[in-house]
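*Asks:* Questions regarding the structure given below will be posed in turn.
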Amino acid sequence: MSISQIKTLLTLQIRAGYPIISIETHDEPRAVEVARDVAEELCWPVFEWSITTGLQQGGPEQRRADDEEPLLPDRKPATALQYARDAEVASIYIFKDLGLHLQDLVLQRLVRDVEHGFRETGSALILIDAGPLPDSVRRLALMFEVSPPSYEELDQVVRKTFKAIDRGTHEEVQAKISKRAMEQLVHSLRGLNATQAARIVATVVHDDMELNDADLPRVIQAKRLLLASSGCLESIATDLQTEDVGGLKNLKSWLKQRRGGYSQKAREFGIDQPRGVLMLGVQGCGKSLCAKAVASEWSMPLLRLDPGVLYQKFIGESESQLRKALRQAEAMAPVVLWIDEIEKAFASASASSADGGLSQRIFGTLLTWMQDHREPIFLIATANDISALPPELMRKGRFDEVFFVDLPDSLARQNIFAIHLRRRNRDPAKFNLEALAAASAGFSGAEIEQAIVSGLYRAFSQKTELTDATIQTEIASTRPLSVLLAEKIARLREWARDRCVPAD
């Protein structure tokens, strides 16, 4: 929603007679700007209160430089609320962080008195807080959302920041960024306020006095650090490309087709945003690596939802934790949201359990969000045992596609050997990849990597170089999952045969 649409909606709510409006946001300057502009449009007086300034009339531009004294003799919230309650002229009152003081029963009573009085005068009390209000006050207020800056606003922030640096320095500042990279950069800044976006852009420009295509990964990394998450969401660093994942050619091709699905051109073409994929398969076959590679390839931050942190001991707290995590993901969009081993979190939602229906409630919350959310969030869920999941999860509309990730074939194993040898500064051309792939039949990608790691340790301890024979020795001493869990893997393959798209 654009800033003009937000102002129009707030104006309508005030004219409709809502006496108390609550804005819960960490972007206080944006919310204050909206409220001031609405007051100006209505031609109403505007008063602002905070515990540090007391109650003052008008915005900063309306005050004299030497007029720092509040209207009232003290800065107490009770005094300011009494002033607002007794006023007879329609006005807008902006109170900052009042919610922190509302445990006081006297203040709660005063807010109710203000609400009754404003019904007569038509005034509006706008509460701007970083956190939720107490329930007793929340019931009286209309919850109003001031969304983060839109794509168009962020585009202007980037351009204005670049021009300000160009004017303010004696060095030559150059813009060498392509149109496509510029669009991706602006999308990557979504979820930030204007100040945060400007600081990130200024940082990458000042580094080399250029704005170019190479700045995009640095912008994403800066955003990841700035919005470092807590609770159920973990921000994951991404340093992989799809070429670093062996095999999975069908999955890679599918992802490549949808790479530009969040762009403005895709919207104009009539394409809906990609929603996500569910990857079912054998452990260690690259499902988690794919999540990291997709985030890196698409130039989007990667957030991992930890289902284990969801479950809390108090009634209602677990559902609240999930909703909070999903709101945070929406605020950081565009992002890749990764739920690893989703069956461990929601397996009991498919059958009766002893948790009093908690799993079903959390699962229902997630399904509703998956169906209804409109933010650019690509959901990647991985699972090792699809039979433990409720069938509703696989319905079309939740995910765009369900892929089955099987053990790598001979060609994919050769590719995986080459990838891990290169990663450890070895030339794959010096190894017999075909023989190694034949010897490792039935191995997962993770097991192949461990064979190389173990071979390196063996060679290092023997003060020799890594050879085919060393790796072959480690392969021969390994019992892969395809042997240890042969029956389970066979059942998994049989289930997925006509239900999933092969990833390779």
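Ordered as shown in the structure tokens, chains take letters A, B, and onward, while each chain numbers its residues from 1 and ligands are numbered from 1 in the order shown.
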Quick one: residues within 12 Å of A:Ala412, only C-alpha atoms counted, chain neighbours fewer than 2 positions away excluded, as number ranges by chain?

*Replies:* A: 243-249, 285-286, 406-410, 414-419, 433-434, 436-438, 440-445, 448, 503-504

*Asks:* Could the residues in this selection be written to a file with N, CA and C atoms, as a tab-separated table (two decimals), in the first residue's frame?

*Replies:*
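That gives us out.tsv:
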```tsv
chain	number	residue	atom	x	y	z
A	243	GLU	N	24.69	-24.57	-9.00
A	243	GLU	CA	25.75	-25.42	-9.56
A	243	GLU	C	26.49	-26.18	-8.47
A	244	ASP	N	26.37	-25.70	-7.22
A	244	ASP	CA	27.04	-26.35	-6.10
A	244	ASP	C	26.24	-27.53	-5.55
A	245	VAL	N	25.08	-27.79	-6.15
A	245	VAL	CA	24.24	-28.92	-5.74
A	245	VAL	C	24.25	-29.92	-6.90
A	246	GLY	N	24.70	-31.14	-6.64
A	246	GLY	CA	24.79	-32.14	-7.70
A	246	GLY	C	23.44	-32.75	-8.04
A	247	GLY	N	23.22	-33.01	-9.32
A	247	GLY	CA	21.97	-33.64	-9.75
A	247	GLY	C	20.78	-32.70	-9.67
A	248	LEU	N	19.59	-33.29	-9.48
A	248	LEU	CA	18.32	-32.56	-9.31
A	248	LEU	C	18.03	-31.65	-10.51
A	249	LYS	N	18.26	-32.14	-11.72
A	249	LYS	CA	18.12	-31.28	-12.90
A	249	LYS	C	16.68	-30.81	-13.12
A	285	CYS	N	20.31	-35.89	0.62
A	285	CYS	CA	20.34	-35.84	-0.85
A	285	CYS	C	20.23	-34.44	-1.42
A	286	GLY	N	20.41	-33.41	-0.60
A	286	GLY	CA	20.52	-32.05	-1.13
A	286	GLY	C	19.32	-31.16	-0.96
A	406	ASP	N	15.43	-38.34	-4.83
A	406	ASP	CA	15.91	-39.71	-4.63
A	406	ASP	C	17.43	-39.70	-4.48
A	407	LEU	N	17.98	-40.88	-4.18
A	407	LEU	CA	19.44	-41.03	-4.15
A	407	LEU	C	20.01	-40.69	-5.53
A	408	PRO	N	21.17	-40.04	-5.59
A	408	PRO	CA	21.72	-39.62	-6.89
A	408	PRO	C	22.11	-40.81	-7.77
A	409	ASP	N	21.89	-40.64	-9.07
A	409	ASP	CA	22.32	-41.69	-10.01
A	409	ASP	C	23.81	-41.55	-10.27
A	410	SER	N	24.34	-42.38	-11.19
A	410	SER	CA	25.79	-42.42	-11.42
A	410	SER	C	26.33	-41.07	-11.88
A	414	GLN	N	29.00	-38.54	-9.88
A	414	GLN	CA	30.24	-37.99	-10.43
A	414	GLN	C	30.29	-36.47	-10.24
A	415	ASN	N	29.16	-35.82	-10.47
A	415	ASN	CA	29.09	-34.37	-10.30
A	415	ASN	C	29.31	-33.98	-8.84
A	416	ILE	N	28.73	-34.76	-7.93
A	416	ILE	CA	28.88	-34.46	-6.50
A	416	ILE	C	30.33	-34.64	-6.06
A	417	PHE	N	30.98	-35.71	-6.53
A	417	PHE	CA	32.41	-35.89	-6.23
A	417	PHE	C	33.22	-34.69	-6.72
A	418	ALA	N	32.93	-34.24	-7.95
A	418	ALA	CA	33.67	-33.11	-8.53
A	418	ALA	C	33.46	-31.83	-7.70
A	419	ILE	N	32.22	-31.60	-7.28
A	419	ILE	CA	31.91	-30.39	-6.50
A	419	ILE	C	32.70	-30.38	-5.19
A	433	LEU	N	36.48	-40.19	-11.61
A	433	LEU	CA	35.14	-39.93	-11.06
A	433	LEU	C	34.17	-41.06	-11.41
A	434	GLU	N	34.34	-41.64	-12.58
A	434	GLU	CA	33.43	-42.72	-12.98
A	434	GLU	C	33.58	-43.93	-12.07
A	436	LEU	N	34.78	-43.87	-8.96
A	436	LEU	CA	34.30	-43.49	-7.63
A	436	LEU	C	32.77	-43.53	-7.58
A	437	ALA	N	32.12	-43.08	-8.65
A	437	ALA	CA	30.65	-43.11	-8.69
A	437	ALA	C	30.14	-44.54	-8.67
A	438	ALA	N	30.82	-45.44	-9.38
A	438	ALA	CA	30.41	-46.84	-9.39
A	438	ALA	C	30.56	-47.48	-8.02
A	440	SER	N	30.36	-45.98	-5.19
A	440	SER	CA	29.48	-45.35	-4.20
A	440	SER	C	28.00	-45.50	-4.56
A	441	ALA	N	27.64	-46.51	-5.31
A	441	ALA	CA	26.24	-46.74	-5.65
A	441	ALA	C	25.41	-46.86	-4.38
A	442	GLY	N	24.28	-46.12	-4.34
A	442	GLY	CA	23.43	-46.15	-3.15
A	442	GLY	C	23.80	-45.10	-2.12
A	443	PHE	N	24.86	-44.31	-2.37
A	443	PHE	CA	25.27	-43.27	-1.43
A	443	PHE	C	24.49	-41.99	-1.69
A	444	SER	N	24.21	-41.26	-0.62
A	444	SER	CA	23.62	-39.92	-0.74
A	444	SER	C	24.73	-38.90	-0.94
A	445	GLY	N	24.36	-37.68	-1.28
A	445	GLY	CA	25.36	-36.63	-1.45
A	445	GLY	C	26.15	-36.37	-0.18
A	448	ILE	N	28.72	-39.10	0.30
A	448	ILE	CA	29.85	-38.91	-0.60
A	448	ILE	C	30.80	-37.85	-0.04
A	503	ALA	N	12.81	-35.11	-8.85
A	503	ALA	CA	13.70	-33.94	-8.85
A	503	ALA	C	14.83	-34.11	-9.84
A	504	ASP	N	15.10	-35.35	-10.22
A	504	ASP	CA	16.22	-35.61	-11.16
A	504	ASP	C	15.74	-36.42	-12.37
```

*Asks:* So which residues touch A:Thr121 within 7 Å, counting only C-alpha atoms, skipping near sequence neighbours fewer than 6 positions away, as a PyMOL selection string?

*Replies:* chain A and resi 88-90

*Asks:* Grab the residues selected above and save them as a CSV table (one decimal), in the first residue's frame with N, CA and C atoms.

*Replies:*
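Below is the file that was written, again00.csv:
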```
chain,number,residue,atom,x,y,z
A,88,GLU,N,-12.5,20.9,23.6
A,88,GLU,CA,-13.8,20.9,23.0
A,88,GLU,C,-13.7,21.1,21.5
A,89,VAL,N,-12.5,21.2,21.0
A,89,VAL,CA,-12.3,21.4,19.5
A,89,VAL,C,-11.8,20.1,18.9
A,90,ALA,N,-12.3,19.7,17.7
A,90,ALA,CA,-11.9,18.5,17.1
A,90,ALA,C,-10.4,18.6,16.8
```

*Asks:* Might you pull out every residue within 7 Å of stretch 37-44 of chain A, with only C-alpha atoms counted and same-chain residues fewer than 2 positions away left off, and present them as a ChimeraX atom specification?

*Replies:* /A:7,11,33-35,46,90-92

*Asks:* Would you save the residues from that selection as an mmCIF file, in the first residue's frame, using N, CA and C atoms?

*Replies:*
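As written to disk, result14.cif reads:
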```cif
data_model
loop_
_atom_site.group_PDB
_atom_site.id
_atom_site.type_symbol
_atom_site.label_atom_id
_atom_site.label_comp_id
_atom_site.auth_asym_id
_atom_site.auth_seq_id
_atom_site.Cartn_x
_atom_site.Cartn_y
_atom_site.Cartn_z
ATOM 1 N N LYS A 7 -2.654 7.266 3.978
ATOM 2 C CA LYS A 7 -3.201 8.532 4.501
ATOM 3 C C LYS A 7 -4.688 8.638 4.215
ATOM 4 N N THR A 11 -7.580 8.902 7.094
ATOM 5 C CA THR A 11 -8.524 10.028 7.070
ATOM 6 C C THR A 11 -9.960 9.536 7.133
ATOM 7 N N GLU A 33 4.492 10.890 10.589
ATOM 8 C CA GLU A 33 4.325 11.666 9.349
ATOM 9 C C GLU A 33 2.927 11.484 8.777
ATOM 10 N N VAL A 34 2.445 10.242 8.767
ATOM 11 C CA VAL A 34 1.098 9.980 8.254
ATOM 12 C C VAL A 34 0.055 10.725 9.085
ATOM 13 N N ALA A 35 0.159 10.646 10.406
ATOM 14 C CA ALA A 35 -0.827 11.292 11.277
ATOM 15 C C ALA A 35 -0.803 12.814 11.123
ATOM 16 N N VAL A 46 -3.051 19.604 15.711
ATOM 17 C CA VAL A 46 -2.416 18.337 16.045
ATOM 18 C C VAL A 46 -1.558 18.538 17.286
ATOM 19 N N ALA A 90 -12.303 19.723 17.744
ATOM 20 C CA ALA A 90 -11.861 18.505 17.077
ATOM 21 C C ALA A 90 -10.367 18.606 16.754
ATOM 22 N N SER A 91 -9.606 17.657 17.262
ATOM 23 C CA SER A 91 -8.154 17.681 17.097
ATOM 24 C C SER A 91 -7.643 16.253 16.957
ATOM 25 N N ILE A 92 -6.381 16.150 16.573
ATOM 26 C CA ILE A 92 -5.707 14.858 16.542
ATOM 27 C C ILE A 92 -4.605 14.883 17.587
#
```

*Asks:* Restricting the calculation to only C-alpha atoms: of A:Val111, A:Leu411, A:Leu366, A:Leu280, which residue gets closest to A:Arg138?

*Replies:*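 Answer, going by the shortest atom-to-atom distance: A:Val111.
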
*Asks:* I'd like to know which of A:Gln156, A:Asn193, A:Ser150, A:Ser188 is closest to A:Ile3, using only C-alpha atoms.

*Replies:*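 Ranked by minimum distance to A:Ile3, first place goes to A:Ser150.
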
*Asks:* Find the spatial neighbours of A:Gln184, counting only C-alpha atoms, within a cut-off of 9 Å - ignore same-chain residues fewer than 5 positions away - and output them as JSON, numbers by chain.

*Replies:* {"A": [179, 189, 216, 263, 298, 299, 300]}

*Asks:* Please identify all polymer residues within 9 Å of A:Leu492, counting only C-alpha atoms, omitting same-chain residues fewer than 4 positions from it, and present them as a compact mmCIF listing (two decimals) with N, CA and C atoms, in the first residue's frame.

*Replies:*
```
# COMPACT_ATOMS: atom_id res chain seq x y z
N LEU A 280 10.32 -33.82 -0.81
CA LEU A 280 10.33 -35.07 -0.06
C LEU A 280 11.49 -35.92 -0.55
N GLY A 281 12.18 -36.59 0.33
CA GLY A 281 13.24 -37.46 -0.16
C GLY A 281 14.09 -38.07 0.92
N VAL A 282 15.09 -38.77 0.46
CA VAL A 282 16.01 -39.48 1.34
C VAL A 282 16.93 -38.46 2.02
N ASN A 384 11.41 -35.91 5.21
CA ASN A 384 12.00 -37.23 4.97
C ASN A 384 10.97 -38.35 5.05
N ASP A 385 9.80 -38.04 5.63
CA ASP A 385 8.76 -39.06 5.80
C ASP A 385 7.40 -38.43 5.54
N ILE A 386 6.98 -38.48 4.30
CA ILE A 386 5.73 -37.82 3.90
C ILE A 386 4.51 -38.48 4.51
N SER A 387 4.61 -39.75 4.87
CA SER A 387 3.45 -40.45 5.42
C SER A 387 3.05 -39.90 6.77
N GLU A 487 14.27 -50.85 3.61
CA GLU A 487 12.82 -51.05 3.55
C GLU A 487 12.08 -49.70 3.57
N LYS A 488 12.55 -48.80 4.43
CA LYS A 488 11.89 -47.49 4.55
C LYS A 488 12.03 -46.71 3.25
N ALA A 496 5.95 -42.19 -3.51
CA ALA A 496 6.17 -40.99 -4.33
C ALA A 496 6.04 -41.27 -5.82
N ARG A 497 5.97 -42.52 -6.21
CA ARG A 497 6.04 -42.88 -7.63
C ARG A 497 5.01 -42.11 -8.47
```

*Asks:* Counting only C-alpha atoms, what is within 8 Å of stretch 159-161 of chain A, bar same-chain residues fewer than 2 positions away, as a PyMOL selection string?

*Replies:* chain A and resi 155-157+163-165+198+201-202

*Asks:* Identify which of the residues A:Gln108, A:Ser296, A:Asn425, A:Asn212 lies closest to A:Val173, counting only C-alpha atoms when measuring atom-to-atom distances.

*Replies:* A:Asn212

*Asks:* Please return, as a PyMOL selection string, all residues of stretch 2-195 of chain A that DSSP assigns to strand (DSSP E or B) on the basis of the backbone.

*Replies:* chain A and resi 20-24+46-50+54-57+92-96+124-129+142-144+174-176

*Asks:* What are the closest atom pairs, with distances in Å to one decimal, for all residues of stretch 105-193 of chain A lying within 8 Å of stretch 319-340 of chain A? Consider only C-alpha atoms, order rows by chain and residue number, and present the result as JSON lines.

*Replies:*
```
{"residue": "A:Pro148", "atom": "CA", "partner": "A:Ala331", "partner_atom": "CA", "distance": 7.8}
{"residue": "A:His187", "atom": "CA", "partner": "A:Pro334", "partner_atom": "CA", "distance": 6.8}
{"residue": "A:Ser188", "atom": "CA", "partner": "A:Pro334", "partner_atom": "CA", "distance": 6.5}
{"residue": "A:Arg190", "atom": "CA", "partner": "A:Ala333", "partner_atom": "CA", "distance": 6.1}
{"residue": "A:Gly191", "atom": "CA", "partner": "A:Met332", "partner_atom": "CA", "distance": 4.5}
{"residue": "A:Leu192", "atom": "CA", "partner": "A:Met332", "partner_atom": "CA", "distance": 7.3}
```

*Asks:* Report the closest atom pair, with its distance in Å rounded to one decimal, for each residue of stretch 338-433 of chain A that has an atom no farther than 12 Å from stretch 271-275 of chain A; count only C-alpha atoms, sort by chain and then rising residue number, and write it as a Markdown table.

*Replies:*
```
| residue | atom | partner | partner_atom | distance |
| --- | --- | --- | --- | --- |
| A:Trp369 | CA | A:Arg275 | CA | 11.2 |
| A:Met370 | CA | A:Arg275 | CA | 8.0 |
| A:Gln371 | CA | A:Arg275 | CA | 9.0 |
| A:Asp372 | CA | A:Arg275 | CA | 10.5 |
| A:His373 | CA | A:Arg275 | CA | 9.3 |
| A:Arg374 | CA | A:Gln273 | CA | 8.4 |
| A:Glu375 | CA | A:Gln273 | CA | 8.8 |
| A:Pro376 | CA | A:Gln273 | CA | 6.8 |
| A:Ile377 | CA | A:Arg275 | CA | 6.8 |
| A:Phe378 | CA | A:Arg275 | CA | 5.2 |
| A:Leu379 | CA | A:Arg275 | CA | 6.2 |
| A:Ile380 | CA | A:Arg275 | CA | 8.9 |
| A:Ala381 | CA | A:Arg275 | CA | 11.2 |
| A:Lys396 | CA | A:Arg275 | CA | 10.4 |
| A:Gly397 | CA | A:Arg275 | CA | 8.0 |
| A:Arg398 | CA | A:Arg275 | CA | 7.3 |
| A:Phe399 | CA | A:Arg275 | CA | 5.9 |
| A:Asp400 | CA | A:Arg275 | CA | 6.0 |
| A:Glu401 | CA | A:Arg275 | CA | 9.2 |
| A:Val402 | CA | A:Arg275 | CA | 11.8 |
```

*Asks:* Selected residues, C-alpha atoms, written as a JSON list (two decimals), in the first residue's frame, please.

*Replies:*
```json
[["chain", "number", "residue", "atom", "x", "y", "z"],
["A", 369, "TRP", "CA", -1.35, -18.39, 6.05],
["A", 370, "MET", "CA", 0.02, -20.47, 3.17],
["A", 371, "GLN", "CA", -3.27, -20.11, 1.32],
["A", 372, "ASP", "CA", -3.93, -16.42, 1.99],
["A", 373, "HIS", "CA", -0.63, -14.55, 2.27],
["A", 374, "ARG", "CA", 0.14, -12.09, -0.53],
["A", 375, "GLU", "CA", 3.69, -11.09, 0.37],
["A", 376, "PRO", "CA", 6.59, -12.21, -1.88],
["A", 377, "ILE", "CA", 7.59, -15.21, 0.25],
["A", 378, "PHE", "CA", 8.80, -18.42, -1.35],
["A", 379, "LEU", "CA", 8.19, -21.30, 1.04],
["A", 380, "ILE", "CA", 10.50, -24.33, 0.88],
["A", 381, "ALA", "CA", 9.51, -27.25, 3.09],
["A", 396, "LYS", "CA", -2.54, -27.62, -4.79],
["A", 397, "GLY", "CA", -2.52, -24.00, -3.69],
["A", 398, "ARG", "CA", -0.38, -24.68, -0.63],
["A", 399, "PHE", "CA", 2.69, -25.46, -2.76],
["A", 400, "ASP", "CA", 3.28, -24.99, -6.45],
["A", 401, "GLU", "CA", 4.82, -28.45, -6.72],
["A", 402, "VAL", "CA", 5.88, -31.50, -4.70]]
```

*Asks:* I'd like to know which residues of stretch 155-387 of chain A are alpha helix (DSSP H) (by DSSP, run on the backbone); could you write them as a ChimeraX atom specification?

*Replies:* /A:155-168,179-188,194-208,215-226,249-257,264-269,287-297,317-332,342-346,358-372
